[in-house]
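One file, data.cif, is given below (mmCIF, C-alpha atoms, pLDDT in the B column; chains and numbers go by the auth columns).
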```
data_run
loop_
_atom_site.group_PDB
_atom_site.id
_atom_site.type_symbol
_atom_site.label_atom_id
_atom_site.label_comp_id
_atom_site.label_asym_id
_atom_site.label_seq_id
_atom_site.Cartn_x
_atom_site.Cartn_y
_atom_site.Cartn_z
_atom_site.B_iso_or_equiv
_atom_site.auth_seq_id
_atom_site.auth_asym_id
ATOM 1 C CA MET A 1 0.000 0.000 0.000 47.00 1 A
ATOM 2 C CA SER A 2 1.434 3.394 -1.038 48.00 2 A
ATOM 3 C CA GLU A 3 1.892 6.336 1.294 44.00 3 A
ATOM 4 C CA ASN A 4 -1.174 8.093 -0.161 48.00 4 A
ATOM 5 C CA GLU A 5 -3.302 4.962 0.178 49.00 5 A
ATOM 6 C CA ARG A 6 -2.287 4.657 3.817 57.00 6 A
ATOM 7 C CA GLU A 7 -3.413 8.187 4.462 77.00 7 A
ATOM 8 C CA GLN A 8 -6.779 8.053 2.722 89.00 8 A
ATOM 9 C CA LEU A 9 -9.132 5.221 1.776 91.00 9 A
ATOM 10 C CA ILE A 10 -12.039 5.523 -0.642 95.00 10 A
ATOM 11 C CA ASP A 11 -14.326 2.527 -0.944 96.00 11 A
ATOM 12 C CA GLU A 12 -17.846 1.128 -0.967 97.00 12 A
ATOM 13 C CA ALA A 13 -18.789 0.010 2.542 97.00 13 A
ATOM 14 C CA LEU A 14 -21.513 -1.887 4.326 97.00 14 A
ATOM 15 C CA VAL A 15 -22.097 -0.584 7.848 96.00 15 A
ATOM 16 C CA LEU A 16 -21.964 -3.352 10.464 97.00 16 A
ATOM 17 C CA HIS A 17 -22.166 -1.475 13.747 96.00 17 A
ATOM 18 C CA VAL A 18 -22.631 2.095 14.951 96.00 18 A
ATOM 19 C CA LYS A 19 -22.034 3.234 18.524 95.00 19 A
ATOM 20 C CA ASP A 20 -22.309 6.654 20.157 94.00 20 A
ATOM 21 C CA TYR A 21 -18.887 7.996 21.049 93.00 21 A
ATOM 22 C CA GLN A 22 -18.127 10.848 23.429 90.00 22 A
ATOM 23 C CA THR A 23 -20.437 13.856 23.196 91.00 23 A
ATOM 24 C CA ALA A 24 -21.286 14.232 19.515 95.00 24 A
ATOM 25 C CA ASP A 25 -19.468 11.510 17.598 96.00 25 A
ATOM 26 C CA LYS A 26 -20.081 7.983 16.353 96.00 26 A
ATOM 27 C CA LEU A 27 -17.783 4.978 16.318 96.00 27 A
ATOM 28 C CA VAL A 28 -18.433 2.939 13.175 97.00 28 A
ATOM 29 C CA VAL A 29 -17.421 -0.566 12.105 97.00 29 A
ATOM 30 C CA CYS A 30 -17.958 -1.412 8.455 97.00 30 A
ATOM 31 C CA PHE A 31 -16.870 -3.965 5.889 98.00 31 A
ATOM 32 C CA THR A 32 -15.640 -2.545 2.601 97.00 32 A
ATOM 33 C CA LYS A 33 -15.384 -3.972 -0.874 97.00 33 A
ATOM 34 C CA LYS A 34 -11.633 -3.483 -1.384 96.00 34 A
ATOM 35 C CA HIS A 35 -10.140 -2.850 2.065 95.00 35 A
ATOM 36 C CA GLY A 36 -11.947 -5.311 4.335 96.00 36 A
ATOM 37 C CA LYS A 37 -13.060 -4.313 7.801 97.00 37 A
ATOM 38 C CA LEU A 38 -12.575 -0.688 8.826 96.00 38 A
ATOM 39 C CA ARG A 39 -13.176 1.117 12.106 96.00 39 A
ATOM 40 C CA PHE A 40 -13.393 4.881 12.235 96.00 40 A
ATOM 41 C CA ILE A 41 -14.816 7.805 14.152 96.00 41 A
ATOM 42 C CA ALA A 42 -17.349 10.098 12.513 96.00 42 A
ATOM 43 C CA TYR A 43 -16.812 13.368 14.342 95.00 43 A
ATOM 44 C CA GLY A 44 -19.948 15.432 14.901 95.00 44 A
ATOM 45 C CA ALA A 45 -22.157 12.693 13.445 95.00 45 A
ATOM 46 C CA ARG A 46 -24.652 12.909 16.315 94.00 46 A
ATOM 47 C CA TYR A 47 -25.536 16.519 15.632 94.00 47 A
ATOM 48 C CA VAL A 48 -29.075 16.816 14.243 89.00 48 A
ATOM 49 C CA LYS A 49 -27.989 18.803 11.188 90.00 49 A
ATOM 50 C CA ASN A 50 -25.170 16.421 10.273 93.00 50 A
ATOM 51 C CA VAL A 51 -26.330 14.748 7.062 90.00 51 A
ATOM 52 C CA GLN A 52 -23.539 12.177 7.010 91.00 52 A
ATOM 53 C CA GLY A 53 -24.409 11.133 10.539 92.00 53 A
ATOM 54 C CA ARG A 54 -27.938 10.235 9.442 92.00 54 A
ATOM 55 C CA LEU A 55 -26.528 7.941 6.755 94.00 55 A
ATOM 56 C CA LEU A 56 -24.458 5.961 9.247 95.00 56 A
ATOM 57 C CA GLN A 57 -27.015 3.286 10.026 92.00 57 A
ATOM 58 C CA PRO A 58 -26.499 -0.476 10.385 93.00 58 A
ATOM 59 C CA PHE A 59 -26.704 -2.292 7.032 95.00 59 A
ATOM 60 C CA ALA A 60 -26.529 0.948 4.980 94.00 60 A
ATOM 61 C CA CYS A 61 -24.360 0.748 1.862 96.00 61 A
ATOM 62 C CA LEU A 62 -22.214 3.860 1.447 97.00 62 A
ATOM 63 C CA ASN A 63 -19.322 5.265 -0.503 97.00 63 A
ATOM 64 C CA ILE A 64 -16.891 6.422 2.167 97.00 64 A
ATOM 65 C CA GLN A 65 -13.684 8.406 2.366 97.00 65 A
ATOM 66 C CA VAL A 66 -11.645 7.631 5.480 96.00 66 A
ATOM 67 C CA GLN A 67 -8.539 9.397 6.704 94.00 67 A
ATOM 68 C CA GLN A 68 -6.116 6.999 8.354 89.00 68 A
ATOM 69 C CA GLY A 69 -4.487 8.138 11.554 85.00 69 A
ATOM 70 C CA GLN A 70 -1.746 6.871 13.835 81.00 70 A
ATOM 71 C CA ARG A 71 -4.186 6.037 16.630 84.00 71 A
ATOM 72 C CA VAL A 72 -7.648 6.192 15.055 88.00 72 A
ATOM 73 C CA ASP A 73 -9.118 6.592 11.577 93.00 73 A
ATOM 74 C CA LYS A 74 -11.719 9.269 10.911 95.00 74 A
ATOM 75 C CA LEU A 75 -14.496 9.701 8.384 96.00 75 A
ATOM 76 C CA ARG A 76 -13.901 12.465 5.862 95.00 76 A
ATOM 77 C CA SER A 77 -17.082 12.029 3.832 95.00 77 A
ATOM 78 C CA CYS A 78 -19.759 9.520 2.879 95.00 78 A
ATOM 79 C CA GLU A 79 -22.564 9.343 0.368 95.00 79 A
ATOM 80 C CA LEU A 80 -25.449 6.961 -0.008 94.00 80 A
ATOM 81 C CA VAL A 81 -25.290 4.015 -2.387 95.00 81 A
ATOM 82 C CA ARG A 82 -28.486 2.458 -1.005 86.00 82 A
ATOM 83 C CA MET A 83 -30.235 2.496 2.321 77.00 83 A
ATOM 84 C CA PRO A 84 -30.994 -0.820 4.018 76.00 84 A
ATOM 85 C CA LYS A 85 -34.294 -2.466 3.214 77.00 85 A
ATOM 86 C CA SER A 86 -37.021 -2.086 5.777 86.00 86 A
ATOM 87 C CA LEU A 87 -36.568 -4.986 8.213 88.00 87 A
ATOM 88 C CA ASP A 88 -38.911 -6.189 10.912 91.00 88 A
ATOM 89 C CA MET A 89 -37.561 -6.835 14.404 92.00 89 A
ATOM 90 C CA GLN A 90 -36.828 -10.502 13.742 93.00 90 A
ATOM 91 C CA GLN A 91 -34.995 -9.819 10.487 93.00 91 A
ATOM 92 C CA MET A 92 -33.022 -7.010 12.093 93.00 92 A
ATOM 93 C CA ALA A 93 -32.021 -9.259 15.003 94.00 93 A
ATOM 94 C CA TYR A 94 -30.684 -11.948 12.677 95.00 94 A
ATOM 95 C CA GLY A 95 -28.967 -9.299 10.569 95.00 95 A
ATOM 96 C CA ALA A 96 -27.194 -8.149 13.730 95.00 96 A
ATOM 97 C CA VAL A 97 -25.881 -11.703 14.208 96.00 97 A
ATOM 98 C CA ALA A 98 -24.413 -11.685 10.683 97.00 98 A
ATOM 99 C CA ALA A 99 -22.854 -8.269 11.295 97.00 99 A
ATOM 100 C CA GLU A 100 -21.332 -9.249 14.640 96.00 100 A
ATOM 101 C CA LEU A 101 -19.985 -12.530 13.266 97.00 101 A
ATOM 102 C CA THR A 102 -18.272 -10.597 10.487 97.00 102 A
ATOM 103 C CA ALA A 103 -16.804 -8.139 12.967 96.00 103 A
ATOM 104 C CA VAL A 104 -15.356 -10.800 15.285 95.00 104 A
ATOM 105 C CA LEU A 105 -14.112 -13.278 12.656 96.00 105 A
ATOM 106 C CA THR A 106 -12.280 -10.829 10.377 96.00 106 A
ATOM 107 C CA GLU A 107 -9.162 -8.717 10.833 95.00 107 A
ATOM 108 C CA ASP A 108 -8.936 -5.011 10.072 93.00 108 A
ATOM 109 C CA HIS A 109 -7.778 -4.031 6.563 93.00 109 A
ATOM 110 C CA GLU A 110 -7.858 -7.569 5.146 95.00 110 A
ATOM 111 C CA ALA A 111 -9.596 -7.271 1.791 95.00 111 A
ATOM 112 C CA ASP A 112 -12.117 -9.963 0.859 97.00 112 A
ATOM 113 C CA GLU A 113 -14.482 -9.066 -1.959 97.00 113 A
ATOM 114 C CA GLU A 114 -16.099 -12.523 -1.836 97.00 114 A
ATOM 115 C CA LEU A 115 -17.153 -11.890 1.750 98.00 115 A
ATOM 116 C CA TYR A 116 -18.387 -8.412 0.887 97.00 116 A
ATOM 117 C CA GLU A 117 -20.663 -9.815 -1.823 97.00 117 A
ATOM 118 C CA LEU A 118 -21.843 -12.580 0.523 97.00 118 A
ATOM 119 C CA LEU A 119 -22.775 -9.974 3.142 96.00 119 A
ATOM 120 C CA LEU A 120 -24.813 -8.021 0.611 95.00 120 A
ATOM 121 C CA ALA A 121 -26.610 -11.161 -0.577 96.00 121 A
ATOM 122 C CA THR A 122 -27.284 -12.308 2.986 96.00 122 A
ATOM 123 C CA LEU A 123 -28.824 -9.026 4.104 94.00 123 A
ATOM 124 C CA ALA A 124 -30.971 -8.919 0.951 93.00 124 A
ATOM 125 C CA ALA A 125 -32.172 -12.486 1.602 95.00 125 A
ATOM 126 C CA LEU A 126 -33.384 -11.685 5.124 94.00 126 A
ATOM 127 C CA THR A 127 -36.615 -10.270 3.707 91.00 127 A
ATOM 128 C CA LYS A 128 -37.151 -13.121 1.218 91.00 128 A
ATOM 129 C CA ARG A 129 -36.219 -16.290 3.099 94.00 129 A
ATOM 130 C CA ASN A 130 -36.339 -17.653 6.628 95.00 130 A
ATOM 131 C CA PRO A 131 -33.856 -15.320 8.377 96.00 131 A
ATOM 132 C CA ARG A 132 -32.837 -18.008 10.850 96.00 132 A
ATOM 133 C CA LEU A 133 -31.681 -20.316 8.055 97.00 133 A
ATOM 134 C CA VAL A 134 -30.153 -17.475 6.036 97.00 134 A
ATOM 135 C CA VAL A 135 -27.918 -16.394 8.919 97.00 135 A
ATOM 136 C CA LEU A 136 -26.949 -19.969 9.777 97.00 136 A
ATOM 137 C CA SER A 137 -25.912 -20.446 6.164 98.00 137 A
ATOM 138 C CA PHE A 138 -23.987 -17.178 6.274 98.00 138 A
ATOM 139 C CA ALA A 139 -22.186 -18.200 9.474 98.00 139 A
ATOM 140 C CA ILE A 140 -21.080 -21.518 7.972 98.00 140 A
ATOM 141 C CA LYS A 141 -19.940 -19.864 4.731 98.00 141 A
ATOM 142 C CA LEU A 142 -18.145 -17.153 6.707 98.00 142 A
ATOM 143 C CA LEU A 143 -16.194 -19.789 8.648 97.00 143 A
ATOM 144 C CA GLY A 144 -15.098 -21.281 5.342 97.00 144 A
ATOM 145 C CA ILE A 145 -14.026 -17.960 3.844 96.00 145 A
ATOM 146 C CA THR A 146 -12.069 -16.931 6.931 96.00 146 A
ATOM 147 C CA GLY A 147 -10.373 -20.304 7.384 95.00 147 A
ATOM 148 C CA PHE A 148 -12.157 -21.249 10.626 95.00 148 A
ATOM 149 C CA ALA A 149 -14.438 -23.964 9.203 96.00 149 A
ATOM 150 C CA PRO A 150 -14.632 -27.152 11.278 97.00 150 A
ATOM 151 C CA GLN A 151 -13.962 -30.560 9.714 97.00 151 A
ATOM 152 C CA MET A 152 -17.356 -32.088 8.945 96.00 152 A
ATOM 153 C CA SER A 153 -16.498 -34.983 6.614 96.00 153 A
ATOM 154 C CA HIS A 154 -13.536 -36.719 8.302 97.00 154 A
ATOM 155 C CA CYS A 155 -12.594 -37.555 11.880 97.00 155 A
ATOM 156 C CA VAL A 156 -10.267 -34.928 13.332 96.00 156 A
ATOM 157 C CA GLY A 157 -8.685 -37.649 15.454 94.00 157 A
ATOM 158 C CA CYS A 158 -7.713 -40.327 12.934 95.00 158 A
ATOM 159 C CA GLY A 159 -8.619 -38.772 9.572 96.00 159 A
ATOM 160 C CA THR A 160 -11.123 -41.486 8.637 96.00 160 A
ATOM 161 C CA ALA A 161 -13.994 -40.416 6.384 97.00 161 A
ATOM 162 C CA ILE A 162 -17.298 -40.331 8.276 96.00 162 A
ATOM 163 C CA ALA A 163 -20.339 -41.389 6.252 95.00 163 A
ATOM 164 C CA LEU A 164 -23.765 -39.950 7.009 92.00 164 A
ATOM 165 C CA GLU A 165 -24.957 -43.285 8.367 94.00 165 A
ATOM 166 C CA ASP A 166 -22.003 -43.471 10.793 96.00 166 A
ATOM 167 C CA ALA A 167 -22.256 -42.275 14.385 95.00 167 A
ATOM 168 C CA ALA A 168 -20.341 -39.039 14.965 96.00 168 A
ATOM 169 C CA TRP A 169 -19.615 -36.539 17.725 97.00 169 A
ATOM 170 C CA PHE A 170 -18.666 -32.900 17.408 97.00 170 A
ATOM 171 C CA SER A 171 -15.776 -31.429 19.348 95.00 171 A
ATOM 172 C CA PRO A 172 -15.523 -27.608 19.312 92.00 172 A
ATOM 173 C CA LEU A 173 -12.132 -27.915 20.985 91.00 173 A
ATOM 174 C CA GLN A 174 -10.720 -30.266 18.338 92.00 174 A
ATOM 175 C CA GLY A 175 -12.458 -28.437 15.513 94.00 175 A
ATOM 176 C CA GLY A 176 -14.798 -30.971 14.000 96.00 176 A
ATOM 177 C CA LEU A 177 -16.199 -34.485 14.028 97.00 177 A
ATOM 178 C CA LEU A 178 -14.895 -37.502 15.892 96.00 178 A
ATOM 179 C CA CYS A 179 -15.642 -41.058 14.790 96.00 179 A
ATOM 180 C CA GLU A 180 -16.948 -43.706 17.164 94.00 180 A
ATOM 181 C CA ALA A 181 -13.497 -45.141 17.853 93.00 181 A
ATOM 182 C CA CYS A 182 -11.866 -41.790 18.637 95.00 182 A
ATOM 183 C CA HIS A 183 -14.877 -40.669 20.631 92.00 183 A
ATOM 184 C CA ALA A 184 -14.420 -43.631 22.984 89.00 184 A
ATOM 185 C CA GLY A 185 -10.979 -42.435 24.043 86.00 185 A
ATOM 186 C CA TYR A 186 -11.672 -38.680 24.029 86.00 186 A
ATOM 187 C CA THR A 187 -11.101 -36.869 27.325 79.00 187 A
ATOM 188 C CA GLY A 188 -11.594 -33.226 26.244 76.00 188 A
ATOM 189 C CA GLU A 189 -14.560 -31.031 27.084 80.00 189 A
ATOM 190 C CA GLY A 190 -17.560 -29.914 25.054 84.00 190 A
ATOM 191 C CA LEU A 191 -18.113 -33.118 23.078 91.00 191 A
ATOM 192 C CA GLU A 192 -21.682 -33.613 21.805 93.00 192 A
ATOM 193 C CA PRO A 193 -23.422 -36.070 19.458 95.00 193 A
ATOM 194 C CA CYS A 194 -23.854 -34.792 15.911 97.00 194 A
ATOM 195 C CA GLY A 195 -26.683 -36.642 14.211 96.00 195 A
ATOM 196 C CA GLN A 196 -27.100 -37.575 10.569 97.00 196 A
ATOM 197 C CA GLY A 197 -29.855 -34.989 10.060 97.00 197 A
ATOM 198 C CA THR A 198 -27.692 -32.251 11.560 97.00 198 A
ATOM 199 C CA ARG A 199 -24.813 -33.082 9.220 97.00 199 A
ATOM 200 C CA GLN A 200 -27.154 -33.152 6.226 97.00 200 A
ATOM 201 C CA LEU A 201 -28.523 -29.750 7.217 97.00 201 A
ATOM 202 C CA TRP A 202 -24.978 -28.396 7.565 97.00 202 A
ATOM 203 C CA GLN A 203 -24.108 -29.540 4.039 96.00 203 A
ATOM 204 C CA TRP A 204 -27.296 -28.004 2.639 97.00 204 A
ATOM 205 C CA LEU A 205 -26.537 -24.681 4.307 97.00 205 A
ATOM 206 C CA VAL A 206 -22.952 -24.670 3.001 96.00 206 A
ATOM 207 C CA THR A 207 -24.213 -24.530 -0.581 95.00 207 A
ATOM 208 C CA LEU A 208 -27.504 -22.708 0.009 96.00 208 A
ATOM 209 C CA ASP A 209 -28.399 -20.423 -2.893 95.00 209 A
ATOM 210 C CA TYR A 210 -30.563 -17.665 -1.406 94.00 210 A
ATOM 211 C CA GLU A 211 -32.222 -16.936 -4.747 92.00 211 A
ATOM 212 C CA ASN A 212 -32.889 -20.537 -5.795 93.00 212 A
ATOM 213 C CA PRO A 213 -32.606 -22.810 -2.744 92.00 213 A
ATOM 214 C CA ALA A 214 -32.505 -26.548 -3.343 91.00 214 A
ATOM 215 C CA ALA A 215 -35.438 -28.453 -1.892 91.00 215 A
ATOM 216 C CA PHE A 216 -34.782 -29.603 1.660 93.00 216 A
ATOM 217 C CA SER A 217 -36.921 -30.459 4.663 93.00 217 A
ATOM 218 C CA VAL A 218 -35.579 -28.871 7.851 95.00 218 A
ATOM 219 C CA ARG A 219 -36.448 -30.666 11.078 96.00 219 A
ATOM 220 C CA GLY A 220 -36.629 -28.649 14.265 96.00 220 A
ATOM 221 C CA GLY A 221 -34.423 -30.973 16.300 96.00 221 A
ATOM 222 C CA ASP A 222 -31.665 -30.937 13.698 97.00 222 A
ATOM 223 C CA LEU A 223 -31.874 -27.153 13.423 97.00 223 A
ATOM 224 C CA MET A 224 -31.515 -26.619 17.163 95.00 224 A
ATOM 225 C CA GLU A 225 -28.671 -29.124 17.418 97.00 225 A
ATOM 226 C CA LEU A 226 -26.782 -27.433 14.570 97.00 226 A
ATOM 227 C CA GLU A 227 -27.246 -23.981 16.106 95.00 227 A
ATOM 228 C CA ARG A 228 -25.966 -25.196 19.455 95.00 228 A
ATOM 229 C CA LEU A 229 -22.881 -26.858 17.955 96.00 229 A
ATOM 230 C CA LEU A 230 -22.123 -24.017 15.571 96.00 230 A
ATOM 231 C CA TYR A 231 -22.342 -21.159 18.051 93.00 231 A
ATOM 232 C CA LYS A 232 -20.433 -23.140 20.677 93.00 232 A
ATOM 233 C CA PHE A 233 -17.701 -23.723 18.099 95.00 233 A
ATOM 234 C CA ILE A 234 -17.565 -20.012 17.244 94.00 234 A
ATOM 235 C CA PHE A 235 -17.230 -19.184 20.942 92.00 235 A
ATOM 236 C CA PHE A 236 -14.303 -21.612 21.222 91.00 236 A
ATOM 237 C CA GLN A 237 -12.636 -19.904 18.254 90.00 237 A
ATOM 238 C CA THR A 238 -13.127 -16.323 19.425 90.00 238 A
ATOM 239 C CA ASP A 239 -13.530 -16.599 23.208 88.00 239 A
ATOM 240 C CA LYS A 240 -16.133 -13.859 22.850 84.00 240 A
ATOM 241 C CA PRO A 241 -19.853 -14.262 23.581 86.00 241 A
ATOM 242 C CA LEU A 242 -22.022 -12.777 20.847 89.00 242 A
ATOM 243 C CA ASN A 243 -24.235 -9.980 22.163 91.00 243 A
ATOM 244 C CA SER A 244 -26.572 -10.428 19.199 92.00 244 A
ATOM 245 C CA LEU A 245 -27.304 -14.019 20.266 88.00 245 A
ATOM 246 C CA ASN A 246 -28.282 -12.810 23.715 87.00 246 A
ATOM 247 C CA PHE A 247 -30.702 -10.411 22.052 84.00 247 A
ATOM 248 C CA LEU A 248 -32.215 -13.265 20.039 85.00 248 A
ATOM 249 C CA SER A 249 -32.683 -15.238 23.235 82.00 249 A
ATOM 250 C CA GLN A 250 -34.434 -12.289 24.881 83.00 250 A
ATOM 251 C CA MET A 251 -36.780 -12.151 21.893 76.00 251 A
ATOM 252 C CA GLY A 252 -37.499 -15.866 22.201 73.00 252 A
ATOM 253 C CA LEU A 253 -35.844 -16.614 18.843 67.00 253 A
#
```

Please express the file's structure as structure tokens.
Amino acid sequence: MSENEREQLIDEALVLHVKDYQTADKLVVCFTKKHGKLRFIAYGARYVKNVQGRLLQPFACLNIQVQQGQRVDKLRSCELVRMPKSLDMQQMAYGAVAAELTAVLTEDHEADEELYELLLATLAALTKRNPRLVVLSFAIKLLGITGFAPQMSHCVGCGTAIALEDAAWFSPLQGGLLCEACHAGYTGEGLEPCGQGTRQLWQWLVTLDYENPAAFSVRGGDLMELERLLYKFIFFQTDKPLNSLNFLSQMGL
């Protein structure tokens, strides 16, 4: 990156999180098309007459100009590309999960245009598909893109392929499935059964096309088991509880 590029970034950005900062400012986390995750302060953004401040809303797509600093970056300007679609409370809550997952599983200034496009598609799908399934699919795809994906086809203990009809257990600590033989001698914590239906659902979500989803019957028990295993695994990877999941729980979702 050249000296000029270090000083000033211009990019298309999707706003992930906005937080009030000090008296009149906002602290913003966004994911950009060409520069990855950025954090910056928008000075004066909380003033009523500040037009740019009104644009800084979660899930808004903006063209931004950010001045890089030694300690903190600051927003120079932003203009609207498109405002977020109108979301109901449930859709917004699941969107917040996708945003927080992106924030905690990515590093600052690591460009990933594939992830940027996936974020856009995921947020658009929240109003068209079951948001619970959309965000689960996003979380699994995000783990793959960022290199955190657990091993779901072979035993992480011995490397043996695990067929759908085989018994399997999931270890968040080991990072994937254990076969019956390795499970018998496992002494680590967090091990849970991972049923055939749960593994089938995982594979369906990995390749889920939001626009033209393949036919699949989702069973409630498999869905809840997958959510439990997936979010426990993410916690093991990040050591950070997700505030957005707590909000979902409070909503009964």

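Distances from A:Leu27, A:Ile162, A:Ala124, A:Ala93 to Leu248 in chain A were compared using all atoms listed in the file, and the smallest one belongs to A:Ala93.
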
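Coordinates place CA of Pro213 in chain A at a distance of 28.2 Å from CA of Cys30 in chain A.
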
Within 10 Å of Leu101 in chain A using all atoms listed in the file, minus same-chain residues under 5 positions, as JSON, numbers by chain: {"A": [16, 95, 96, 106, 135, 138, 139, 142, 143, 234, 238, 242, 244]}

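If all atoms listed in the file are the atoms counted, then among A:Leu230, A:Val29, A:Leu123, A:Ala45 the closest residue to Ile140 in chain A is A:Leu230.
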
Among listed residues A:Lys232, A:Ile41, A:Val48, A:Ile10, nearest Gln65 in chain A (using only C-alpha atoms): A:Ile10

At what distance in Å, to one decimal, does CA of Glu114 in chain A lie from CA of Gly144 in chain A? 11.4 Å

Please list as number ranges by chain every residue within 12 Å of Lys19 in chain A, counting all atoms listed in the file and excluding residues in the same chain fewer than 5 positions away. A: 24-30, 39-42, 45-46, 53, 56-58

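Residue nearest Val156 in chain A within the list A:Leu133, A:Leu223, A:Cys182, A:Val18: A:Cys182 [criterion: smallest interatomic distance, all atoms listed in the file].
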
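Applied to this file, the PyMOL selection byres ((chain A and resi 181) around 12) selects Cys155, Val156, Gly157, Cys158, Gly159, Thr160, Ile162, Asp166, Ala167, Ala168, Trp169, Leu177, Leu178, Cys179, Glu180, Cys182, His183, Ala184, Gly185 and Tyr186 of chain A.
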
By how many Å are CA of Thr127 in chain A and CA of Leu62 in chain A apart? 20.3 Å

Hey, what's within 9 Å of Arg219 in chain A if we count all atoms listed in the file and toss same-chain stuff fewer than 6 positions away? As a PDB file with C-alpha atoms, in the coordinates of the input, please?
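Output file around37.pdb is given in full below:
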```
ATOM      1  CA  GLY A 197     -29.855 -34.989  10.060  1.00 97.00           C
ATOM      2  CA  THR A 198     -27.692 -32.251  11.560  1.00 97.00           C
ATOM      3  CA  LEU A 201     -28.523 -29.750   7.217  1.00 97.00           C
TER       4      LEU A 201
END
```

Evaluate the PyMOL selection byres ((chain A and resi 37) around 6) and report residues as a PyMOL selection string: chain A and resi 30-31+36+38+108-109

Hey, could you pull the box centre and edge lengths for range 46-57 of chain A, axis-aligned, 5 Å padding per side, all listed atoms, to one decimal in Å, as AutoDock Vina command-line options?
```
--center_x -26.3 --center_y 11.0 --center_z 11.5 --size_x 15.5 --size_y 25.5 --size_z 19.6
```
